[in-house]
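Some notes on the structure that comes next.
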Amino acid sequence: MRKQVSKRGQFLCAELPVMDDGALSTSEMVLSLVFDEENTSVVYADEEAARKSAEKNGKVETFSLAEALEVEADFIASEKTGAVYLVGFGEDEVEQAVKLTKKINPSRAIVLVNAEWMHAGDGGDIYKSEIIASGKDVDSISETEKFKNQFAVVYSYLPLAIENKVFGQNAGGAIFKCVLGGAPSGTPWRILITDKDGKFSQVGAMQRRPEGEDIQNTFYNAYAATSQVNKGVGAIKSTFDKFKENLPNPFGGGG
């Protein structure tokens with residue numbers, strides 16, 4: 001992720017779990033992502049998280065969204081060259097986020113952290129394809145919709161818990177993506193499952209962000225492949241197939 005964030009003019013996205021929804025947990029998670037303290041700026045949608053962050057690390061330029069939108073916070077005139085992190089922005093704050101990005105020097109990378117709206121995370125390619133497929137002009141996309149869909153995910157770790165009624169046990173796992181180099185779209189989304197010891201193993205991979213049905217089907221197939229119930233069914237089928245081979249063929253012409 002560090003390599004990607006170091007590139008200027010990028011619109012990137014990171015998705016990470018936090019211990020809770022509290023301001024302190026959020027600020028600690030975000031500060032753990034910052035590697036160039038003196039050149040980085042962080043803007044929190046939550047004012048309390050901004051305050052906690054500033055108290056914890058005064059080297060990192062920190063604002064609440066309200067503060068960042070004020071005239072005094074001039075990101076274009078700023079000599080800082082590092083990324084600007086936008087943290088915890090919700091759907092109702094998109095218009096404000098658009099205004100904010102217009103105040104940021106376009107040479108700086110913008111990293112969206114734990115946005116509260118759904119997007120493909122591919123930099124807008126899927127969204128644009130859907131617009132074209134619907135017969136609309138790409139130029140007709142509103143400024144807010146363009147903003148929401150222009151970010152490319154460079155790191156995502158989303159824990160999963162799926163109720164598995166068929167095999168009598170719940171499934172745990174995660175959706176994971178980590179871009180180590182190259183274009184973010186070239187790195188697949190990995191579907192991971194946990195075993196009884198809590199260790200992860202990959203059971204699927206997709207070039208686009210997996211959706212609910214993709215995840216359910218992948219988990220089902222993974223459990224079906226290892227389930228004792230499925231092995232029992234397979235054994236019965238094998239025995240029955242051998243039994244069929246020994247049956248006389250009524251159309252064989254014998255007798």
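Lettering and numbering for the structure tokens are positional, with chains as A, B, ... in the shown order, residues counted from 1 in each chain, and ligands counted from 1 in the shown order.
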Within 12 Å of Asp125 in chain A using only C-alpha atoms, minus same-chain residues under 2 positions, as an mmCIF file with N, CA, C and O atoms, in the first residue's frame:
```
data_model
loop_
_atom_site.group_PDB
_atom_site.id
_atom_site.type_symbol
_atom_site.label_atom_id
_atom_site.label_comp_id
_atom_site.auth_asym_id
_atom_site.auth_seq_id
_atom_site.Cartn_x
_atom_site.Cartn_y
_atom_site.Cartn_z
ATOM 1 N N HIS A 119 -19.088 0.772 -3.586
ATOM 2 C CA HIS A 119 -18.503 1.070 -4.894
ATOM 3 C C HIS A 119 -17.656 -0.116 -5.310
ATOM 4 O O HIS A 119 -17.248 -0.930 -4.475
ATOM 5 N N ALA A 120 -17.414 -0.233 -6.591
ATOM 6 C CA ALA A 120 -16.699 -1.397 -7.114
ATOM 7 C C ALA A 120 -15.234 -1.424 -6.695
ATOM 8 O O ALA A 120 -14.607 -2.477 -6.655
ATOM 9 N N GLY A 121 -14.670 -0.244 -6.413
ATOM 10 C CA GLY A 121 -13.282 -0.198 -5.972
ATOM 11 C C GLY A 121 -12.275 -0.423 -7.071
ATOM 12 O O GLY A 121 -11.129 -0.783 -6.814
ATOM 13 N N ASP A 122 -12.701 -0.206 -8.329
ATOM 14 C CA ASP A 122 -11.798 -0.460 -9.462
ATOM 15 C C ASP A 122 -11.393 0.817 -10.187
ATOM 16 O O ASP A 122 -10.881 0.762 -11.307
ATOM 17 N N GLY A 123 -11.657 1.963 -9.580
ATOM 18 C CA GLY A 123 -11.300 3.227 -10.221
ATOM 19 C C GLY A 123 -12.383 3.772 -11.137
ATOM 20 O O GLY A 123 -12.177 4.773 -11.816
ATOM 21 N N TYR A 127 -18.380 1.014 -13.189
ATOM 22 C CA TYR A 127 -19.471 1.988 -13.148
ATOM 23 C C TYR A 127 -19.680 2.633 -14.521
ATOM 24 O O TYR A 127 -20.808 2.746 -15.008
ATOM 25 N N LYS A 128 -18.588 3.011 -15.170
ATOM 26 C CA LYS A 128 -18.694 3.618 -16.499
ATOM 27 C C LYS A 128 -19.268 2.630 -17.511
ATOM 28 O O LYS A 128 -20.069 3.004 -18.374
ATOM 29 N N SER A 129 -18.866 1.361 -17.405
ATOM 30 C CA SER A 129 -19.387 0.336 -18.316
ATOM 31 C C SER A 129 -20.890 0.169 -18.138
ATOM 32 O O SER A 129 -21.628 -0.007 -19.115
ATOM 33 N N GLU A 130 -21.350 0.236 -16.892
ATOM 34 C CA GLU A 130 -22.778 0.108 -16.614
ATOM 35 C C GLU A 130 -23.548 1.301 -17.175
ATOM 36 O O GLU A 130 -24.662 1.151 -17.678
ATOM 37 N N ILE A 131 -22.951 2.487 -17.089
ATOM 38 C CA ILE A 131 -23.589 3.687 -17.637
ATOM 39 C C ILE A 131 -23.722 3.562 -19.154
ATOM 40 O O ILE A 131 -24.788 3.830 -19.730
ATOM 41 N N ILE A 132 -22.647 3.121 -19.803
ATOM 42 C CA ILE A 132 -22.658 2.962 -21.260
ATOM 43 C C ILE A 132 -23.667 1.893 -21.665
ATOM 44 O O ILE A 132 -24.421 2.059 -22.629
ATOM 45 N N VAL A 138 -21.475 8.913 -20.748
ATOM 46 C CA VAL A 138 -20.576 8.970 -19.592
ATOM 47 C C VAL A 138 -20.453 10.404 -19.066
ATOM 48 O O VAL A 138 -20.307 10.627 -17.867
ATOM 49 N N LYS A 146 -19.496 10.480 -9.836
ATOM 50 C CA LYS A 146 -18.138 10.271 -10.342
ATOM 51 C C LYS A 146 -17.163 10.151 -9.185
ATOM 52 O O LYS A 146 -16.288 9.267 -9.178
ATOM 53 N N ASN A 149 -17.283 6.778 -7.238
ATOM 54 C CA ASN A 149 -16.866 5.572 -7.956
ATOM 55 C C ASN A 149 -15.468 5.641 -8.558
ATOM 56 O O ASN A 149 -15.077 4.724 -9.289
ATOM 57 N N GLN A 150 -14.710 6.695 -8.262
ATOM 58 C CA GLN A 150 -13.411 6.834 -8.914
ATOM 59 C C GLN A 150 -12.237 6.270 -8.110
ATOM 60 O O GLN A 150 -11.089 6.326 -8.555
ATOM 61 N N PHE A 151 -12.530 5.677 -6.957
ATOM 62 C CA PHE A 151 -11.444 5.186 -6.103
ATOM 63 C C PHE A 151 -11.103 3.732 -6.386
ATOM 64 O O PHE A 151 -11.973 2.893 -6.593
ATOM 65 N N ALA A 152 -9.804 3.444 -6.390
ATOM 66 C CA ALA A 152 -9.306 2.083 -6.607
ATOM 67 C C ALA A 152 -8.816 1.522 -5.277
ATOM 68 O O ALA A 152 -7.982 2.133 -4.601
ATOM 69 N N PRO A 184 -3.948 -1.339 -9.611
ATOM 70 C CA PRO A 184 -4.804 -1.997 -8.618
ATOM 71 C C PRO A 184 -5.782 -2.993 -9.231
ATOM 72 O O PRO A 184 -6.087 -4.023 -8.626
ATOM 73 N N SER A 185 -6.263 -2.698 -10.444
ATOM 74 C CA SER A 185 -7.235 -3.584 -11.086
ATOM 75 C C SER A 185 -6.639 -4.946 -11.430
ATOM 76 O O SER A 185 -7.353 -5.914 -11.658
ATOM 77 N N ARG A 208 -13.272 -8.695 -9.933
ATOM 78 C CA ARG A 208 -14.152 -7.650 -9.413
ATOM 79 C C ARG A 208 -14.454 -7.922 -7.940
ATOM 80 O O ARG A 208 -14.214 -9.016 -7.437
#
```
Which polymer residues have any atom within 12 Å of an atom of range 26-31 of chain A, counting only C-alpha atoms, with same-chain residues fewer than 4 positions away left out, as an MDAnalysis selection string? chainID A and resid 14:22 35:37 40:64 84:88 111:114
Give me every strand (DSSP E or B) residue in range 55-207 of chain A, going by DSSP on the backbone, as a ChimeraX atom specification. /A:61-64,84-87,110-113,122,152-162,171-178,189-194,200-206
Take the residues from that selection and put them in a file with N, CA and C atoms, as a short mmCIF file (atom, residue, chain, number, x, y, z; two decimals), in the first residue's frame.
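Result file follows (result02.cif):
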```cif
data_model
loop_
_atom_site.label_atom_id
_atom_site.label_comp_id
_atom_site.auth_asym_id
_atom_site.auth_seq_id
_atom_site.Cartn_x
_atom_site.Cartn_y
_atom_site.Cartn_z
N GLU A 61 -0.69 16.44 10.07
CA GLU A 61 -1.67 17.52 9.90
C GLU A 61 -3.08 16.92 9.92
N THR A 62 -3.90 17.37 10.86
CA THR A 62 -5.20 16.74 11.10
C THR A 62 -6.32 17.78 11.13
N PHE A 63 -7.41 17.45 10.46
CA PHE A 63 -8.59 18.33 10.43
C PHE A 63 -9.86 17.49 10.58
N SER A 64 -10.89 18.14 11.11
CA SER A 64 -12.23 17.58 10.94
C SER A 64 -12.72 18.07 9.59
N VAL A 84 -3.45 12.73 1.17
CA VAL A 84 -4.51 13.27 2.01
C VAL A 84 -5.49 12.14 2.26
N TYR A 85 -5.66 11.76 3.52
CA TYR A 85 -6.57 10.68 3.89
C TYR A 85 -7.94 11.27 4.25
N LEU A 86 -8.98 10.74 3.66
CA LEU A 86 -10.36 11.12 3.98
C LEU A 86 -10.98 9.95 4.73
N VAL A 87 -11.35 10.15 5.99
CA VAL A 87 -11.69 9.03 6.86
C VAL A 87 -13.15 9.05 7.30
N ILE A 110 -5.09 11.00 -2.97
CA ILE A 110 -6.21 11.05 -2.04
C ILE A 110 -6.58 9.62 -1.69
N VAL A 111 -6.59 9.32 -0.39
CA VAL A 111 -6.87 7.96 0.08
C VAL A 111 -8.16 7.97 0.90
N LEU A 112 -9.15 7.30 0.40
CA LEU A 112 -10.43 7.19 1.07
C LEU A 112 -10.37 5.99 2.02
N VAL A 113 -10.62 6.24 3.31
CA VAL A 113 -10.52 5.17 4.30
C VAL A 113 -11.90 4.87 4.88
N ASP A 122 -12.70 -0.21 -8.33
CA ASP A 122 -11.80 -0.46 -9.46
C ASP A 122 -11.39 0.82 -10.19
N ALA A 152 -9.80 3.44 -6.39
CA ALA A 152 -9.31 2.08 -6.61
C ALA A 152 -8.82 1.52 -5.28
N VAL A 153 -9.33 0.38 -4.90
CA VAL A 153 -8.94 -0.24 -3.63
C VAL A 153 -7.51 -0.79 -3.73
N VAL A 154 -6.68 -0.40 -2.78
CA VAL A 154 -5.30 -0.92 -2.72
C VAL A 154 -5.12 -1.84 -1.52
N TYR A 155 -6.02 -1.73 -0.55
CA TYR A 155 -5.99 -2.67 0.58
C TYR A 155 -7.40 -2.81 1.14
N SER A 156 -7.83 -4.05 1.30
CA SER A 156 -9.14 -4.30 1.87
C SER A 156 -9.10 -5.61 2.65
N TYR A 157 -9.53 -5.54 3.89
CA TYR A 157 -9.67 -6.74 4.71
C TYR A 157 -11.01 -6.65 5.42
N LEU A 158 -11.97 -7.46 4.98
CA LEU A 158 -13.32 -7.41 5.50
C LEU A 158 -13.69 -8.79 6.05
N PRO A 159 -13.72 -8.96 7.38
CA PRO A 159 -14.07 -10.25 7.98
C PRO A 159 -15.51 -10.65 7.64
N LEU A 160 -15.74 -11.96 7.54
CA LEU A 160 -17.05 -12.48 7.18
C LEU A 160 -17.50 -13.54 8.18
N ALA A 161 -18.80 -13.62 8.35
CA ALA A 161 -19.41 -14.70 9.12
C ALA A 161 -20.69 -15.08 8.40
N ILE A 162 -20.75 -16.32 7.92
CA ILE A 162 -21.91 -16.77 7.14
C ILE A 162 -22.56 -17.96 7.82
N ALA A 171 -19.78 -20.47 8.90
CA ALA A 171 -18.51 -20.30 8.18
C ALA A 171 -17.92 -18.94 8.51
N GLY A 172 -16.62 -18.92 8.76
CA GLY A 172 -15.91 -17.67 8.99
C GLY A 172 -14.87 -17.47 7.91
N GLY A 173 -14.54 -16.23 7.63
CA GLY A 173 -13.53 -15.96 6.60
C GLY A 173 -13.35 -14.48 6.40
N ALA A 174 -12.95 -14.11 5.20
CA ALA A 174 -12.70 -12.70 4.90
C ALA A 174 -12.61 -12.48 3.41
N ILE A 175 -12.85 -11.25 3.02
CA ILE A 175 -12.54 -10.79 1.67
C ILE A 175 -11.26 -9.98 1.78
N PHE A 176 -10.29 -10.29 0.96
CA PHE A 176 -8.98 -9.67 1.11
C PHE A 176 -8.42 -9.24 -0.23
N LYS A 177 -7.86 -8.04 -0.24
CA LYS A 177 -7.15 -7.56 -1.42
C LYS A 177 -5.99 -6.70 -0.96
N CYS A 178 -4.83 -6.95 -1.53
CA CYS A 178 -3.65 -6.16 -1.18
C CYS A 178 -2.81 -5.95 -2.43
N TRP A 189 -9.42 -9.93 -5.96
CA TRP A 189 -10.05 -10.00 -4.64
C TRP A 189 -10.02 -11.47 -4.24
N ARG A 190 -9.54 -11.76 -3.05
CA ARG A 190 -9.43 -13.15 -2.61
C ARG A 190 -10.51 -13.45 -1.56
N ILE A 191 -11.14 -14.60 -1.72
CA ILE A 191 -12.13 -15.05 -0.75
C ILE A 191 -11.46 -16.10 0.12
N LEU A 192 -11.37 -15.81 1.42
CA LEU A 192 -10.67 -16.68 2.35
C LEU A 192 -11.67 -17.33 3.31
N ILE A 193 -11.34 -18.52 3.76
CA ILE A 193 -12.18 -19.23 4.72
C ILE A 193 -11.28 -19.68 5.87
N THR A 194 -11.84 -19.73 7.07
CA THR A 194 -11.06 -20.16 8.23
C THR A 194 -11.37 -21.62 8.56
N PHE A 200 -6.43 -19.17 7.82
CA PHE A 200 -7.07 -18.81 6.55
C PHE A 200 -6.56 -19.69 5.41
N SER A 201 -7.44 -20.00 4.49
CA SER A 201 -7.05 -20.61 3.23
C SER A 201 -7.91 -20.00 2.13
N GLN A 202 -7.33 -19.83 0.96
CA GLN A 202 -8.05 -19.22 -0.15
C GLN A 202 -8.95 -20.24 -0.84
N VAL A 203 -10.22 -19.85 -1.01
CA VAL A 203 -11.16 -20.75 -1.69
C VAL A 203 -11.74 -20.13 -2.96
N GLY A 204 -11.35 -18.89 -3.24
CA GLY A 204 -11.85 -18.25 -4.45
C GLY A 204 -11.12 -16.95 -4.72
N ALA A 205 -11.18 -16.49 -5.95
CA ALA A 205 -10.57 -15.21 -6.34
C ALA A 205 -11.35 -14.64 -7.51
N MET A 206 -11.53 -13.32 -7.50
CA MET A 206 -12.27 -12.65 -8.55
C MET A 206 -11.58 -11.33 -8.90
#
```
Running DSSP on the backbone, which parts of range 67-191 of chain A land in helix (DSSP H, G or I), as a VMD selection string? chain A and resid 67 to 68 91 to 101 125 to 133 138 to 140 143 to 149 184 to 186
